[in-house]
Structure formats: C-alpha cells, structure tokens
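Structure file model_19.tsv (TSV, C-alpha atoms) follows.
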```
chain	number	residue	atom	x	y	z
A	15	MET	CA	-2.39	-49.99	-22.36
A	16	LYS	CA	-5.56	-49.31	-24.31
A	17	GLU	CA	-7.35	-51.63	-21.93
A	18	CYS	CA	-6.04	-49.54	-19.03
A	19	GLU	CA	-7.47	-46.37	-20.55
A	20	HIS	CA	-10.87	-48.03	-20.63
A	21	PHE	CA	-10.56	-48.97	-16.97
A	22	GLU	CA	-9.27	-45.55	-15.97
A	23	ARG	CA	-12.43	-44.10	-17.42
A	24	LEU	CA	-14.45	-46.69	-15.55
A	25	ILE	CA	-12.66	-45.81	-12.29
A	26	SER	CA	-13.41	-42.14	-12.80
A	27	ASP	CA	-17.06	-42.80	-13.69
A	28	SER	CA	-17.50	-45.07	-10.68
A	29	MET	CA	-16.53	-42.13	-8.47
A	30	ASP	CA	-19.50	-40.18	-9.81
A	31	ASP	CA	-22.16	-42.85	-10.22
A	32	PRO	CA	-22.06	-46.44	-8.97
A	33	PRO	CA	-21.19	-48.77	-11.88
A	34	GLY	CA	-23.41	-51.61	-13.00
A	35	ALA	CA	-22.75	-55.07	-11.55
A	36	GLU	CA	-21.05	-56.30	-14.71
A	37	SER	CA	-18.74	-53.26	-14.99
A	38	LYS	CA	-17.91	-53.48	-11.31
A	39	ALA	CA	-16.89	-57.14	-11.55
A	40	GLU	CA	-14.83	-56.40	-14.66
A	41	LEU	CA	-13.09	-53.51	-12.89
A	42	ILE	CA	-12.30	-55.51	-9.76
A	43	GLU	CA	-10.84	-58.29	-11.85
A	44	HIS	CA	-8.67	-55.84	-13.75
A	45	LEU	CA	-7.49	-54.06	-10.61
A	46	LEU	CA	-6.24	-57.34	-9.17
A	47	ASP	CA	-3.85	-57.68	-12.05
A	48	CYS	CA	-2.95	-54.10	-12.93
A	49	GLU	CA	-0.63	-52.11	-10.67
A	50	ARG	CA	-0.95	-48.98	-12.80
A	51	CYS	CA	-4.73	-48.81	-12.53
A	52	ARG	CA	-4.56	-49.52	-8.81
A	53	GLN	CA	-2.25	-46.52	-8.43
A	54	PHE	CA	-4.63	-44.44	-10.52
A	55	GLU	CA	-7.57	-45.36	-8.32
A	56	GLU	CA	-5.58	-44.73	-5.11
A	57	MET	CA	-4.48	-41.33	-6.33
A	58	LEU	CA	-8.01	-40.33	-7.36
A	59	LEU	CA	-9.43	-41.39	-4.01
A	60	ALA	CA	-6.69	-39.52	-2.15
A	61	GLN	CA	-7.38	-36.41	-4.21
A	62	ARG	CA	-11.07	-36.68	-3.52
A	63	GLN	CA	-10.48	-37.02	0.21
A	64	LEU	CA	-8.21	-34.01	0.19
A	65	LEU	CA	-10.59	-31.87	-1.87
A	66	GLN	CA	-13.45	-32.71	0.45
A	67	ASN	CA	-11.35	-31.66	3.43
A	68	LEU	CA	-9.64	-28.60	2.07
A	69	PRO	CA	-8.34	-26.39	4.88
A	70	GLU	CA	-10.28	-23.26	5.70
A	71	PRO	CA	-8.98	-20.27	3.79
A	72	ALA	CA	-7.11	-17.83	5.99
A	73	PRO	CA	-9.17	-14.81	7.08
A	74	ALA	CA	-9.10	-11.85	4.73
A	75	GLU	CA	-5.82	-10.36	5.79
A	76	ARG	CA	-4.45	-9.83	2.32
A	77	HIS	CA	-3.12	-13.36	2.45
A	78	SER	CA	-2.84	-15.37	-0.71
A	79	ILE	CA	-3.32	-19.06	-1.13
A	80	TRP	CA	-1.20	-19.57	-4.18
A	81	ILE	CA	-1.33	-16.71	-6.64
A	82	GLY	CA	-0.27	-13.77	-4.59
A	83	ASP	CA	-2.05	-10.66	-3.51
A	84	PHE	CA	-3.27	-9.88	-6.98
A	85	SER	CA	-6.65	-8.46	-6.06
A	86	ILE	CA	-5.16	-5.25	-4.76
A	87	LYS	CA	-2.03	-4.98	-6.84
A	88	ARG	CA	-3.79	-5.87	-10.05
A	89	LYS	CA	-6.58	-3.43	-9.31
A	90	TRP	CA	-4.11	-0.63	-8.70
A	91	ARG	CA	-2.03	-1.63	-11.64
A	92	SER	CA	-5.02	-1.62	-13.96
A	93	LEU	CA	-6.18	1.66	-12.44
A	94	TRP	CA	-2.72	3.07	-13.14
A	95	LYS	CA	-2.77	1.74	-16.67
A	96	ARG	CA	-6.26	2.87	-17.52
A	97	ARG	CA	-6.82	6.03	-15.57
A	98	ILE	CA	-3.51	7.61	-14.67
A	99	SER	CA	-0.63	6.53	-16.87
A	100	VAL	CA	-2.03	8.09	-20.09
A	101	PRO	CA	-4.27	10.98	-18.93
A	102	LEU	CA	-1.76	12.37	-16.43
A	103	PRO	CA	1.11	12.98	-18.89
A	104	VAL	CA	-1.39	14.26	-21.48
A	105	ALA	CA	-2.78	16.71	-18.92
A	106	ALA	CA	0.75	17.80	-18.02
A	107	VAL	CA	1.69	18.41	-21.67
A	108	LEU	CA	-1.57	20.30	-22.28
A	109	SER	CA	-1.04	22.52	-19.26
A	110	VAL	CA	2.53	23.31	-20.37
A	111	VAL	CA	1.25	24.16	-23.87
A	112	MET	CA	-1.53	26.33	-22.42
A	113	LEU	CA	0.91	28.11	-20.14
A	114	ALA	CA	3.26	28.76	-23.05
A	115	GLY	CA	0.34	30.04	-25.14
A	116	TRP	CA	-0.81	32.31	-22.34
A	117	LEU	CA	2.69	33.70	-21.91
A	118	PHE	CA	2.96	34.26	-25.66
A	119	ALA	CA	-0.43	36.00	-25.84
A	120	PHE	CA	-0.36	38.14	-22.67
A	121	GLY	CA	3.24	38.08	-21.58
A	122	GLY	CA	4.38	39.71	-24.89
A	123	SER	CA	2.10	42.75	-24.45
A	124	SER	CA	3.24	43.28	-20.90
A	125	VAL	CA	6.82	43.19	-22.12
A	126	GLU	CA	5.82	45.66	-24.76
A	127	LYS	CA	4.14	47.85	-22.15
A	128	SER	CA	7.13	47.72	-19.91
A	129	GLY	CA	9.19	48.48	-23.00
A	130	GLU	CA	7.14	51.63	-23.55
A	131	LEU	CA	7.64	52.53	-19.95
A	132	GLN	CA	11.29	51.92	-20.35
A	133	ARG	CA	11.32	54.06	-23.46
A	134	VAL	CA	9.69	56.92	-21.62
A	135	THR	CA	12.11	56.47	-18.83
A	136	SER	CA	15.02	56.22	-21.20
A	137	SER	CA	13.89	59.33	-23.12
A	138	ARG	CA	13.72	61.11	-19.81
A	139	ALA	CA	17.13	59.78	-19.00
A	140	VAL	CA	18.43	61.08	-22.33
A	141	GLU	CA	16.82	64.41	-21.51
A	142	ILE	CA	18.50	64.36	-18.13
A	143	ILE	CA	21.76	63.55	-19.80
A	144	ARG	CA	21.24	66.32	-22.31
A	145	LEU	CA	20.28	68.92	-19.71
A	146	ALA	CA	22.69	67.95	-17.00
A	147	PRO	CA	26.28	69.08	-17.03
A	148	LYS	CA	28.44	66.43	-18.64
A	149	SER	CA	30.47	65.86	-15.55
A	150	ALA	CA	27.39	65.07	-13.47
A	151	VAL	CA	26.19	62.10	-15.65
A	152	LYS	CA	27.33	58.71	-14.65
A	153	ILE	CA	27.48	56.77	-17.88
A	154	ASP	CA	27.59	53.51	-15.93
A	155	ASN	CA	23.91	53.89	-15.12
A	156	VAL	CA	22.83	53.98	-18.76
A	157	LYS	CA	22.83	50.96	-21.03
A	158	PHE	CA	22.35	50.92	-24.81
A	159	ASP	CA	21.19	47.91	-26.75
A	160	SER	CA	21.74	47.12	-30.39
A	161	LEU	CA	18.41	48.66	-31.50
A	162	ASP	CA	19.29	51.98	-29.98
A	163	SER	CA	16.60	51.71	-27.40
A	164	ARG	CA	18.11	52.97	-24.23
A	165	ARG	CA	17.11	51.42	-20.97
A	166	VAL	CA	17.86	52.64	-17.53
A	167	ILE	CA	18.56	49.89	-14.95
B	28	MET	CA	-31.50	-25.77	5.76
B	29	GLU	CA	-33.63	-24.89	2.76
B	30	ASP	CA	-36.73	-24.39	4.91
B	31	ARG	CA	-34.78	-22.13	7.27
B	32	ASP	CA	-33.48	-20.17	4.28
B	33	ARG	CA	-36.97	-19.73	2.94
B	34	LEU	CA	-38.29	-18.61	6.30
B	35	ASP	CA	-35.39	-16.20	6.88
B	36	TRP	CA	-35.79	-14.74	3.40
B	37	LEU	CA	-39.50	-14.11	4.04
B	38	LEU	CA	-38.66	-12.49	7.39
B	39	PHE	CA	-36.02	-10.35	5.70
B	40	GLU	CA	-38.51	-9.21	3.08
B	41	GLU	CA	-40.82	-8.18	5.88
B	42	GLY	CA	-38.06	-6.04	7.35
B	43	ASP	CA	-36.17	-8.29	9.75
B	44	GLU	CA	-32.52	-7.40	9.11
B	45	LYS	CA	-31.27	-10.13	11.43
B	46	ALA	CA	-32.79	-12.75	9.16
B	47	PHE	CA	-30.41	-11.69	6.39
B	48	ASP	CA	-27.55	-11.91	8.83
B	49	ARG	CA	-28.54	-15.48	9.63
B	50	ILE	CA	-28.57	-16.37	5.93
B	51	PHE	CA	-25.15	-14.75	5.57
B	52	GLN	CA	-23.68	-16.68	8.49
B	53	ARG	CA	-25.19	-19.94	7.27
B	54	HIS	CA	-23.73	-19.79	3.76
B	55	ARG	CA	-20.68	-17.56	3.95
B	56	LYS	CA	-18.19	-20.20	5.07
B	57	HIS	CA	-19.27	-22.69	2.45
B	58	LEU	CA	-19.10	-20.15	-0.38
B	59	LEU	CA	-15.85	-18.66	0.83
B	60	LYS	CA	-14.11	-22.01	0.62
B	61	TYR	CA	-15.13	-22.56	-2.99
B	62	CYS	CA	-14.42	-18.95	-4.03
B	63	SER	CA	-11.04	-18.77	-2.32
B	64	TYR	CA	-9.78	-22.00	-3.88
B	65	MET	CA	-11.30	-21.04	-7.19
B	66	MET	CA	-9.73	-17.58	-7.21
B	67	GLY	CA	-6.50	-18.69	-5.57
B	68	SER	CA	-6.70	-16.02	-2.91
B	69	SER	CA	-8.73	-15.66	0.25
B	70	VAL	CA	-8.97	-11.91	-0.32
B	71	ALA	CA	-10.39	-12.32	-3.81
B	72	GLY	CA	-12.65	-15.07	-2.48
B	73	GLU	CA	-13.94	-12.75	0.22
B	74	ASP	CA	-14.58	-10.05	-2.39
B	75	VAL	CA	-16.62	-12.47	-4.50
B	76	VAL	CA	-18.64	-13.65	-1.51
B	77	GLN	CA	-19.43	-10.05	-0.58
B	78	GLU	CA	-20.47	-9.27	-4.14
B	79	THR	CA	-22.73	-12.31	-4.05
B	80	PHE	CA	-24.46	-11.24	-0.85
B	81	MET	CA	-24.78	-7.69	-2.15
B	82	ARG	CA	-26.54	-9.14	-5.16
B	83	LEU	CA	-28.83	-11.08	-2.86
B	84	LEU	CA	-29.63	-7.88	-0.95
B	85	GLU	CA	-30.60	-6.21	-4.23
B	86	GLN	CA	-33.04	-9.05	-4.87
B	87	LYS	CA	-35.21	-8.03	-1.90
B	88	GLY	CA	-38.80	-8.03	-3.05
B	89	SER	CA	-38.07	-9.68	-6.40
B	90	LEU	CA	-36.64	-13.09	-5.50
B	91	THR	CA	-38.89	-16.00	-4.79
B	92	ILE	CA	-37.10	-19.03	-3.41
B	93	ARG	CA	-38.71	-22.15	-4.77
B	94	SER	CA	-35.84	-24.62	-4.80
B	95	SER	CA	-32.70	-23.69	-2.90
B	96	LEU	CA	-31.07	-20.44	-1.81
B	97	LYS	CA	-27.79	-22.28	-1.40
B	98	TYR	CA	-27.89	-23.21	-5.07
B	99	TRP	CA	-28.76	-19.64	-6.09
B	100	LEU	CA	-25.88	-18.27	-4.02
B	101	PHE	CA	-23.48	-20.83	-5.42
B	102	ILE	CA	-24.40	-20.04	-9.03
B	103	CYS	CA	-24.08	-16.34	-8.35
B	104	ALA	CA	-20.68	-16.72	-6.65
B	105	ARG	CA	-19.49	-19.05	-9.40
B	106	ASN	CA	-20.49	-16.57	-12.11
B	107	TYR	CA	-18.71	-13.73	-10.32
B	108	SER	CA	-15.60	-15.88	-9.93
B	109	LEU	CA	-15.58	-16.99	-13.56
B	110	ASN	CA	-16.16	-13.45	-14.84
B	111	PHE	CA	-13.36	-12.14	-12.70
B	112	LEU	CA	-11.00	-14.90	-13.80
B	113	ALA	CA	-11.96	-14.52	-17.46
B	114	LYS	CA	-11.12	-10.82	-17.28
B	115	ARG	CA	-7.85	-11.61	-15.60
B	116	ARG	CA	-6.96	-14.25	-18.20
B	117	ARG	CA	-4.14	-15.67	-16.25
B	118	THR	CA	-3.27	-19.17	-15.21
B	119	VAL	CA	-2.18	-20.02	-11.74
B	120	GLU	CA	1.41	-21.08	-11.51
B	121	SER	CA	2.96	-21.51	-8.11
B	122	SER	CA	1.34	-22.85	-5.00
B	123	PRO	CA	2.77	-22.46	-1.54
B	124	LEU	CA	1.19	-24.73	1.01
B	125	ILE	CA	-1.41	-23.67	3.49
B	126	GLY	CA	-1.81	-25.93	6.46
B	127	GLY	CA	-4.73	-27.06	8.56
B	128	ASN	CA	-5.75	-30.47	7.30
B	129	ASP	CA	-4.75	-33.27	9.66
B	130	ASP	CA	-6.26	-36.15	7.70
B	131	CYS	CA	-3.72	-36.05	4.90
B	132	SER	CA	0.04	-36.10	4.91
B	133	ASP	CA	2.04	-32.94	4.29
B	134	GLU	CA	3.28	-34.42	1.06
B	135	MET	CA	-0.25	-34.90	-0.19
B	136	LYS	CA	-1.33	-31.43	0.89
B	137	TRP	CA	1.58	-29.89	-0.93
B	138	LEU	CA	0.90	-32.14	-3.90
B	139	LEU	CA	-2.71	-31.12	-4.11
B	140	HIS	CA	-2.01	-27.43	-3.92
B	141	GLU	CA	0.62	-27.87	-6.55
B	142	VAL	CA	-1.78	-29.90	-8.67
B	143	LEU	CA	-4.81	-27.71	-8.09
B	144	GLY	CA	-2.71	-24.66	-8.81
B	145	LYS	CA	-1.71	-26.05	-12.19
B	146	LEU	CA	-5.26	-26.53	-13.43
B	147	ASN	CA	-6.83	-23.77	-15.45
B	148	TYR	CA	-9.85	-22.09	-13.96
B	149	ASP	CA	-12.62	-23.99	-15.73
B	150	GLU	CA	-11.00	-27.29	-14.77
B	151	ARG	CA	-10.64	-26.08	-11.20
B	152	ASP	CA	-14.26	-24.98	-11.23
B	153	LEU	CA	-15.52	-28.41	-12.29
B	154	ILE	CA	-13.40	-30.43	-9.89
B	155	LEU	CA	-14.23	-28.15	-6.94
B	156	MET	CA	-17.90	-28.28	-7.83
B	157	ARG	CA	-17.83	-32.06	-7.89
B	158	GLU	CA	-15.46	-32.91	-5.04
B	159	GLN	CA	-15.57	-29.97	-2.68
B	160	GLN	CA	-19.13	-28.74	-3.17
B	161	GLN	CA	-20.25	-32.33	-3.82
B	162	TYR	CA	-22.72	-31.57	-6.55
B	163	SER	CA	-23.89	-34.65	-8.39
B	164	VAL	CA	-23.09	-35.14	-12.07
B	165	ALA	CA	-26.79	-34.64	-12.84
B	166	ASP	CA	-26.83	-31.26	-11.03
B	167	MET	CA	-23.63	-30.21	-12.73
B	168	ALA	CA	-25.01	-31.20	-16.12
B	169	ALA	CA	-28.11	-29.10	-15.46
B	170	LEU	CA	-26.04	-26.16	-14.25
B	171	LEU	CA	-23.62	-26.27	-17.17
B	172	GLY	CA	-26.28	-27.05	-19.76
B	173	LYS	CA	-24.48	-30.19	-20.88
B	174	SER	CA	-25.25	-33.87	-20.93
B	175	ARG	CA	-24.22	-36.12	-18.04
B	176	GLU	CA	-21.89	-37.98	-20.33
B	177	ALA	CA	-20.14	-34.76	-21.35
B	178	VAL	CA	-19.65	-33.84	-17.69
B	179	ARG	CA	-18.28	-37.30	-16.89
B	180	VAL	CA	-15.82	-37.05	-19.78
B	181	ARG	CA	-14.64	-33.61	-18.59
B	182	LEU	CA	-14.24	-34.89	-15.05
B	183	PHE	CA	-12.29	-37.90	-16.27
B	184	ARG	CA	-9.90	-35.67	-18.24
B	185	ILE	CA	-9.37	-33.37	-15.28
B	186	ARG	CA	-8.73	-36.28	-12.94
B	187	LYS	CA	-6.31	-37.76	-15.42
B	188	LYS	CA	-4.51	-34.44	-15.68
B	189	MET	CA	-4.34	-34.20	-11.89
B	190	TYR	CA	-2.99	-37.72	-11.74
B	191	GLU	CA	-0.29	-36.93	-14.31
B	192	LEU	CA	0.63	-33.71	-12.50
B	193	GLY	CA	0.69	-35.54	-9.18
B	194	LYS	CA	3.01	-38.25	-10.51
B	195	ARG	CA	5.69	-35.65	-11.27
B	196	TYR	CA	5.93	-34.65	-7.62
B	197	ARG	CA	6.13	-38.16	-6.29
```
Rewrite the coordinates I just gave you, this time as structure tokens.
Amino acid sequence: MKECEHFERLISDSMDDPPGAESKAELIEHLLDCERCRQFEEMLLAQRQLLQNLPEPAPAERHSIWIGDFSIKRKWRSLWKRRISVPLPVAAVLSVVMLAGWLFAFGGSSVEKSGELQRVTSSRAVEIIRLAPKSAVKIDNVKFDSLDSRRVI
Amino acid sequence: MEDRDRLDWLLFEEGDEKAFDRIFQRHRKHLLKYCSYMMGSSVAGEDVVQETFMRLLEQKGSLTIRSSLKYWLFICARNYSLNFLAKRRRTVESSPLIGGNDDCSDEMKWLLHEVLGKLNYDERDLILMREQQQYSVADMAALLGKSREAVRVRLFRIRKKMYELGKRYR
C-alpha cells in the first residue's frame, strides 16, 4: 500500500515532467503487477483528456454551469442586505418620528387657534342664545364639553 | 501570436481601435473557458473577462509588452476570479452536466463536472491552469511564487482527491 502511494506520486509527476529512465522502468514494472495503480493512471489520463477538451461555456444568457445564477442574485441580495434592508426601515422610522414631531409642534397651535376661533364662535352662539327668544334656539345645534367650552358644530 | 499581440498593442496605442478588437477576439475565448469553469458560471466568467479587458484598456500608454500579453491577461483574469471567489467564500456543490464534448463518454463528462464541482476554488484554479491552460509546472511555480516541488505536490494531492471523488460515482 505504501509502495502504491510512492508510485501514485510518480504517476502524477510523470504527467508534469517526463521521469528519469530509472523511475520510468520502475513504474512500468510496478504497473504490470498493480491493478490499483493502473486504475489510478487511467483515471488521471482520462481526467486530463477531459479537462483539455472541456466544452465551450454557453453564451452569456444567464446560464449557469454548476452553481446557479449567483452573479445576479447574489449581487442583488448583497445590495439588499447592505444598502436597502437596514437604511430603508431606519428612514421610514425617522420620517414617522419627524412627522409626529411636526404635528406635535405645529399641529397643536393650529388646534389651539381653531379652539380660539371656536371659542369666539361659541361666545357668539351663547350671545345669540342669550339674546334670542328661548323658543327660537335649537339646543341640538349647541354642544358642551366637560371643560365648559362650548363649541358650535 | 505574441508578435501579433505586440503589434496590435502598438497600433492600439497609436489610436487604432480595431487593433484592440483583434486582441479581444484572439484571447476572449481562451480566457472565457478558464474563467467560466473557475467561477462555475458562464455569466460570472463573462463578467471577469470583461473586467480583464477593461483593465487592459486602462493600461493604454503605460503597458509595455515584453514577454506575453496572453500571460498578462491570464494573470489578470485569474486574480479577478480569485478575488471574486474569496469574497464569495462559498464552495461549489452540485454540478449539472453541460454537453458538447464528443471525445468522452457521457458518464465521464458527468463525472468530471461532479468532480470538478467538488473541488474548492484554489484546487480548481491549479488543475485548470495545468490541464486546461496547459501551463508548465515551471511557469506555475513562477506565477505562484512557489518551488516546482511544491507545485507538483499540490497537483498530486488534487489529482488524488479527484480520483477519490471519481471512484464514488463509478
């Protein structure tokens, strides 16, 4: 077995550089007796022949030889991972926070302003109620909230 | 071929665009075969070949061809392939057959794709360089910066691995 390993190495080396006369004779003698090493040599020669005559790769039509169409999918996947998957949700959260902040800062004052308007309107409504004959006021049109601010709707 | 390359490169540097096209046509097929089998995909192989020729275009005015343009292109394509594969850090697993070779049996074609597909990329690089590109051990040793003996040992181990892988499918 150990002897075979030595000859396997010799077979492989002889495929790269021609062996010396002595090594060659030794190898031939061994190959006559050893089925395993003969198989090894046959297989190596067959592999060499095949590698030297590899078929032409198919034209670039997104066709894969053995891995799959990774060049596009991987690129997009990595683009998704690096450039979109994190920044996009972060941007969405930030915009929601900014919108909420804007509403809190400016939306409150507009509510307040409209509240003032409502108060004026409601005070006028109260005045109308006060001045008008009781029978003429439709109470359904006036609403009162818990803070006694009256709003007309 | 080397003289024609040198002449075409000089013509290209003087402004003849067709000379570059001739260089491209002369070497594309050869490089594409190595790159496609190395990368495991003809699309990725095509990308690498294009990158290589883009690099060559950028060298206009700064590259002097003393030895061989073919060698320069091969080294460039090989480096691009290895960088890409190193970034990807993934081993090839399955290998459907592609046809086209009439010299070998279907069983052997399938076997080789299965075997070649199971090698990791530096093993595939060495065996393709030796068997498909037919670089000598001395050239490979110079390219890899290793001794001839070290290259022979690596080749022996790869061949042995291919043999063991091949035996399983017999």
Quiz item: Pick from A:Pro101, A:Asp47, A:Gln53, A:Glu36: nearest to chain B, with all atoms listed in the file counted?
Solution: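 Distance minimum relative to chain B lands on A:Gln53.
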Of B:Val178, B:Val164, B:Ala113, B:Ala46, the one nearest to Leu34 in chain B when counting only C-alpha atoms is B:Ala46
Students should find that CA of Arg105 in chain B and CA of Glu29 in chain B are spaced 19.5 Å
Inset, instruction - For Asp152 in chain B, please output as a PyMOL selection string all residues within 9 Å (counting all atoms listed in the file; exclusion window: fewer than 6 positions along the same chain). - result: chain B and resi 61+65+105+109
Judged by only C-alpha atoms, the minimum distance to Leu143 in chain B among A:Gln61, A:Gln66, A:Ser26, A:Ser37 is found for A:Gln61
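When only C-alpha atoms are used to compute distances to Glu40 in chain B, the closest of the residues B:Val180, B:Leu83, B:Leu170, B:Val142 turns out to be B:Leu83.
Nearest-residue note for chain B: choosing from A:Val104, A:Leu117, A:Gly34, A:Leu24, the minimum distance belongs to A:Leu24, counting all atoms listed in the file.
Here CA of Leu90 in chain B and CA of Trp36 in chain B stand 9.1 Å from one another.
Using all atoms listed in the file for every distance, the candidate list A:Ile42, A:Glu17, A:Ala35, A:Pro71 yields A:Pro71 as the residue closest to chain B.
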field: For Leu171 in chain B: contacts at 12 Å, all atoms listed in the file, fewer than 4 positions along chain excluded, given as an NGL selection string
entry: :B and (102 or 105-106 or 149 or 152-153 or 156 or 162 or 164-167 or 175 or 177-178 or 181)
Selected residues written out with C-alpha atoms, as a PDB file, in the coordinates of the input:
```
ATOM      1  CA  ILE B 102     -24.400 -20.040  -9.030  1.00  0.00           C
ATOM      2  CA  ARG B 105     -19.490 -19.050  -9.400  1.00  0.00           C
ATOM      3  CA  ASN B 106     -20.490 -16.570 -12.110  1.00  0.00           C
ATOM      4  CA  ASP B 149     -12.620 -23.990 -15.730  1.00  0.00           C
ATOM      5  CA  ASP B 152     -14.260 -24.980 -11.230  1.00  0.00           C
ATOM      6  CA  LEU B 153     -15.520 -28.410 -12.290  1.00  0.00           C
ATOM      7  CA  MET B 156     -17.900 -28.280  -7.830  1.00  0.00           C
ATOM      8  CA  TYR B 162     -22.720 -31.570  -6.550  1.00  0.00           C
ATOM      9  CA  VAL B 164     -23.090 -35.140 -12.070  1.00  0.00           C
ATOM     10  CA  ALA B 165     -26.790 -34.640 -12.840  1.00  0.00           C
ATOM     11  CA  ASP B 166     -26.830 -31.260 -11.030  1.00  0.00           C
ATOM     12  CA  MET B 167     -23.630 -30.210 -12.730  1.00  0.00           C
ATOM     13  CA  ARG B 175     -24.220 -36.120 -18.040  1.00  0.00           C
ATOM     14  CA  ALA B 177     -20.140 -34.760 -21.350  1.00  0.00           C
ATOM     15  CA  VAL B 178     -19.650 -33.840 -17.690  1.00  0.00           C
ATOM     16  CA  ARG B 181     -14.640 -33.610 -18.590  1.00  0.00           C
TER      17      ARG B 181
END
```
Notebook entry, point to check: Distance CA of Lys114 in chain B-CA of Val75 in chain B, one decimal place?
Noted result: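 So the answer is 14.0 Å.
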